[in-house]
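Data file: target_25.cif. Format and content: mmCIF, C-alpha atoms and all ligand atoms.
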```
data_structure
#
loop_
_atom_site.group_PDB
_atom_site.id
_atom_site.type_symbol
_atom_site.label_atom_id
_atom_site.label_comp_id
_atom_site.auth_asym_id
_atom_site.auth_seq_id
_atom_site.Cartn_x
_atom_site.Cartn_y
_atom_site.Cartn_z
ATOM 1 C CA MET T 1 28.854 63.385 30.800
ATOM 2 C CA LEU T 2 27.829 61.638 34.032
ATOM 3 C CA PHE T 3 30.256 60.325 36.632
ATOM 4 C CA HIS T 4 29.609 58.270 39.759
ATOM 5 C CA VAL T 5 31.882 59.585 42.497
ATOM 6 C CA GLU T 6 32.388 58.109 45.959
ATOM 7 C CA MET T 7 34.169 60.323 48.478
ATOM 8 C CA GLU T 8 35.448 58.858 51.744
ATOM 9 C CA VAL T 9 36.346 61.640 54.149
ATOM 10 C CA ARG T 10 39.326 61.007 56.455
ATOM 11 C CA ILE T 11 40.098 64.119 58.456
ATOM 12 C CA PRO T 12 43.202 63.541 60.600
ATOM 13 C CA HIS T 13 42.389 63.317 64.304
ATOM 14 C CA ASP T 14 45.179 65.766 65.067
ATOM 15 C CA LEU T 15 43.808 68.472 62.763
ATOM 16 C CA PRO T 16 42.658 71.324 65.005
ATOM 17 C CA THR T 17 38.874 71.281 65.410
ATOM 18 C CA GLU T 18 38.540 74.888 64.288
ATOM 19 C CA ARG T 19 40.434 74.127 61.073
ATOM 20 C CA ALA T 20 38.338 71.039 60.413
ATOM 21 C CA ASP T 21 35.110 72.946 61.003
ATOM 22 C CA THR T 22 36.219 75.708 58.640
ATOM 23 C CA LEU T 23 37.004 73.166 55.920
ATOM 24 C CA LYS T 24 33.673 71.376 56.411
ATOM 25 C CA GLN T 25 31.771 74.649 56.104
ATOM 26 C CA ALA T 26 33.734 75.639 52.988
ATOM 27 C CA GLU T 27 33.012 72.220 51.511
ATOM 28 C CA ARG T 28 29.305 72.678 52.227
ATOM 29 C CA VAL T 29 29.247 76.079 50.537
ATOM 30 C CA ARG T 30 31.127 74.787 47.482
ATOM 31 C CA ALA T 31 28.914 71.713 47.239
ATOM 32 C CA MET T 32 25.794 73.872 47.307
ATOM 33 C CA GLU T 33 27.264 76.162 44.625
ATOM 34 C CA LEU T 34 28.042 73.210 42.365
ATOM 35 C CA GLN T 35 24.586 71.720 42.917
ATOM 36 C CA GLY T 36 23.185 75.063 41.883
ATOM 37 C CA THR T 37 25.100 74.991 38.591
ATOM 38 C CA GLY T 38 23.933 71.433 37.895
ATOM 39 C CA ALA T 39 27.460 70.008 37.914
ATOM 40 C CA TRP T 40 26.899 68.201 41.229
ATOM 41 C CA ARG T 41 23.636 66.541 40.304
ATOM 42 C CA HIS T 42 23.191 64.182 43.267
ATOM 43 C CA LEU T 43 24.773 64.076 46.726
ATOM 44 C CA TRP T 44 23.908 61.207 49.067
ATOM 45 C CA ARG T 45 25.360 60.241 52.464
ATOM 46 C CA VAL T 46 26.529 56.620 52.697
ATOM 47 C CA ALA T 47 24.749 55.389 55.805
ATOM 48 C CA GLY T 48 27.168 54.501 58.571
ATOM 49 C CA ARG T 49 30.244 56.071 56.936
ATOM 50 C CA TYR T 50 31.724 59.529 56.679
ATOM 51 C CA ALA T 51 31.358 59.203 52.937
ATOM 52 C CA ASN T 52 29.119 60.248 50.092
ATOM 53 C CA VAL T 53 28.033 58.947 46.756
ATOM 54 C CA SER T 54 27.545 61.644 44.176
ATOM 55 C CA ILE T 55 26.653 62.021 40.535
ATOM 56 C CA PHE T 56 28.437 64.730 38.598
ATOM 57 C CA ASP T 57 27.247 66.054 35.239
ATOM 58 C CA VAL T 58 30.250 67.724 33.613
ATOM 59 C CA SER T 59 31.914 68.124 30.202
ATOM 60 C CA GLY T 60 34.469 65.387 30.845
ATOM 61 C CA ALA T 61 37.140 63.898 33.081
ATOM 62 C CA GLN T 62 39.273 67.029 33.127
ATOM 63 C CA GLU T 63 36.426 69.220 34.413
ATOM 64 C CA LEU T 64 35.572 66.585 36.989
ATOM 65 C CA HIS T 65 39.182 66.435 38.153
ATOM 66 C CA ASP T 66 39.375 70.200 38.333
ATOM 67 C CA ILE T 67 36.217 70.304 40.474
ATOM 68 C CA LEU T 68 37.161 67.465 42.796
ATOM 69 C CA SER T 69 40.765 68.549 43.279
ATOM 70 C CA SER T 70 39.629 72.054 44.223
ATOM 71 C CA LEU T 71 37.231 70.901 46.931
ATOM 72 C CA PRO T 72 38.272 72.152 50.395
ATOM 73 C CA LEU T 73 38.260 68.617 51.799
ATOM 74 C CA PHE T 74 40.114 67.128 48.809
ATOM 75 C CA PRO T 75 43.359 66.638 50.761
ATOM 76 C CA PHE T 76 41.441 64.519 53.256
ATOM 77 C CA MET T 77 39.332 62.430 50.902
ATOM 78 C CA GLU T 78 39.798 59.130 49.151
ATOM 79 C CA ILE T 79 37.858 59.487 45.918
ATOM 80 C CA ARG T 80 36.747 56.828 43.471
ATOM 81 C CA VAL T 81 35.330 57.794 40.083
ATOM 82 C CA ALA T 82 33.393 55.735 37.541
ATOM 83 C CA PRO T 83 32.130 57.097 34.203
ATOM 84 C CA LEU T 84 28.468 56.416 33.508
ATOM 85 C CA CYS T 85 26.527 55.892 30.315
ATOM 86 C CA ARG T 86 22.953 55.080 29.439
ATOM 87 C CA HIS T 87 21.747 51.523 30.239
ATOM 88 C CA PRO T 88 19.837 49.910 27.373
ATOM 89 C CA SER T 89 17.135 48.715 29.811
ATOM 90 C CA SER T 90 16.542 52.066 31.430
ATOM 91 C CA ILE T 91 12.924 53.181 31.198
ATOM 92 C CA HIS T 92 13.921 56.759 31.850
ATOM 93 C CA ASP T 93 14.181 58.495 28.510
ATOM 94 C CA ASP T 94 15.992 61.411 30.100
ATOM 95 C CA ASP T 95 18.876 59.280 31.388
ATOM 96 C CA ARG T 96 21.840 61.100 29.900
HETATM 97 O O1 LIG R 1 30.408 64.917 54.118
HETATM 98 C C1 LIG R 1 30.870 64.579 53.022
HETATM 99 O O2 LIG R 1 30.508 63.553 52.417
HETATM 100 C C2 LIG R 1 31.829 65.552 52.280
HETATM 101 C C3 LIG R 1 30.984 66.654 51.773
HETATM 102 C C4 LIG R 1 30.485 66.806 50.540
HETATM 103 C C5 LIG R 1 29.693 68.006 50.474
HETATM 104 C C6 LIG R 1 29.762 68.460 51.860
HETATM 105 O O3 LIG R 1 29.186 69.430 52.340
HETATM 106 O O4 LIG R 1 30.557 67.610 52.620
#
```
Let's see the structure in the file written out as structure tokens.
Amino acid sequence: MLFHVEMEVRIPHDLPTERADTLKQAERVRAMELQGTGAWRHLWRVAGRYANVSIFDVSGAQELHDILSSLPLFPFMEIRVAPLCRHPSSIHDDDR
């Protein structure tokens, strides 16, 4: 199942820089792992914002929640999720 996920990152200004850097690096590693498994299918930066738009390909909402809530930056993100399904006008037969 495909989900559109927008993540707005809001790291508190008073979080020590070293801690923030450690979390960002851990997030990067985890994101690359999940892209490698195929679960995190697309990851795009929203121009002008500390935010991303992503597409997740997972078994369902519970797996998505488990993934998102375990991300290192989860405590500092506002996340919006929308389930996706095939559009009848899509010309891409592999849209699933
Ligand atoms: O920078 C972001 O949008 C949050 C994030 C997702 C993967 C990563 O490395 O950082």
- How would you write, as a PyMOL selection string, the residues chosen by the PyMOL selection byres (((not hetatm)) within 10 of (chain R and resi 1)) on this structure? chain T and resi 6-10+23-32+34-35+40+43-46+49-54+71-74+76-77
With C-alpha atoms retained, export the selected residues as an mmCIF file, in the coordinates of the input.
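What follows is the written file result38.cif:
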```cif
data_model
loop_
_atom_site.group_PDB
_atom_site.id
_atom_site.type_symbol
_atom_site.label_atom_id
_atom_site.label_comp_id
_atom_site.auth_asym_id
_atom_site.auth_seq_id
_atom_site.Cartn_x
_atom_site.Cartn_y
_atom_site.Cartn_z
ATOM 1 C CA GLU T 6 32.388 58.109 45.959
ATOM 2 C CA MET T 7 34.169 60.323 48.478
ATOM 3 C CA GLU T 8 35.448 58.858 51.744
ATOM 4 C CA VAL T 9 36.346 61.640 54.149
ATOM 5 C CA ARG T 10 39.326 61.007 56.455
ATOM 6 C CA LEU T 23 37.004 73.166 55.920
ATOM 7 C CA LYS T 24 33.673 71.376 56.411
ATOM 8 C CA GLN T 25 31.771 74.649 56.104
ATOM 9 C CA ALA T 26 33.734 75.639 52.988
ATOM 10 C CA GLU T 27 33.012 72.220 51.511
ATOM 11 C CA ARG T 28 29.305 72.678 52.227
ATOM 12 C CA VAL T 29 29.247 76.079 50.537
ATOM 13 C CA ARG T 30 31.127 74.787 47.482
ATOM 14 C CA ALA T 31 28.914 71.713 47.239
ATOM 15 C CA MET T 32 25.794 73.872 47.307
ATOM 16 C CA LEU T 34 28.042 73.210 42.365
ATOM 17 C CA GLN T 35 24.586 71.720 42.917
ATOM 18 C CA TRP T 40 26.899 68.201 41.229
ATOM 19 C CA LEU T 43 24.773 64.076 46.726
ATOM 20 C CA TRP T 44 23.908 61.207 49.067
ATOM 21 C CA ARG T 45 25.360 60.241 52.464
ATOM 22 C CA VAL T 46 26.529 56.620 52.697
ATOM 23 C CA ARG T 49 30.244 56.071 56.936
ATOM 24 C CA TYR T 50 31.724 59.529 56.679
ATOM 25 C CA ALA T 51 31.358 59.203 52.937
ATOM 26 C CA ASN T 52 29.119 60.248 50.092
ATOM 27 C CA VAL T 53 28.033 58.947 46.756
ATOM 28 C CA SER T 54 27.545 61.644 44.176
ATOM 29 C CA LEU T 71 37.231 70.901 46.931
ATOM 30 C CA PRO T 72 38.272 72.152 50.395
ATOM 31 C CA LEU T 73 38.260 68.617 51.799
ATOM 32 C CA PHE T 74 40.114 67.128 48.809
ATOM 33 C CA PHE T 76 41.441 64.519 53.256
ATOM 34 C CA MET T 77 39.332 62.430 50.902
#
```
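Atom pair CA of Glu33 in chain T / CA of Ser59 in chain T has a distance of 17.2 Å (rounded to one decimal).
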- Work out how far CA of Thr37 in chain T is from CA of Asp57 in chain T, in Å to one decimal. 9.8 Å
- Using all atoms listed in the file, pick whichever of T:Asp94, T:Glu78, T:Pro83, T:Leu15 has the shortest atom-to-atom distance to Leu64 in chain T.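 The closest residue to Leu64 in chain T is T:Pro83.
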- Task: Go through the shown structure with the PyMOL selection byres (((chain T and resi 56) around 6) and not hetatm) and write out the matching residues as a list in words.
- Result: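 Given this file, the PyMOL selection byres (((chain T and resi 56) around 6) and not hetatm) evaluates to Leu2, Phe3, Ala39, Trp40, Arg41, Ile55 and Asp57 of chain T.
We find CA of Arg80 in chain T and CA of Pro12 in chain T to be spaced 19.5 Å apart.
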- T:Leu84, T:Ala20, T:Ile11, T:Ile91 ranked by distance to Ala61 in chain T, top pick (using all atoms listed in the file):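 Closest residue, counting all atoms listed in the file: T:Leu84.
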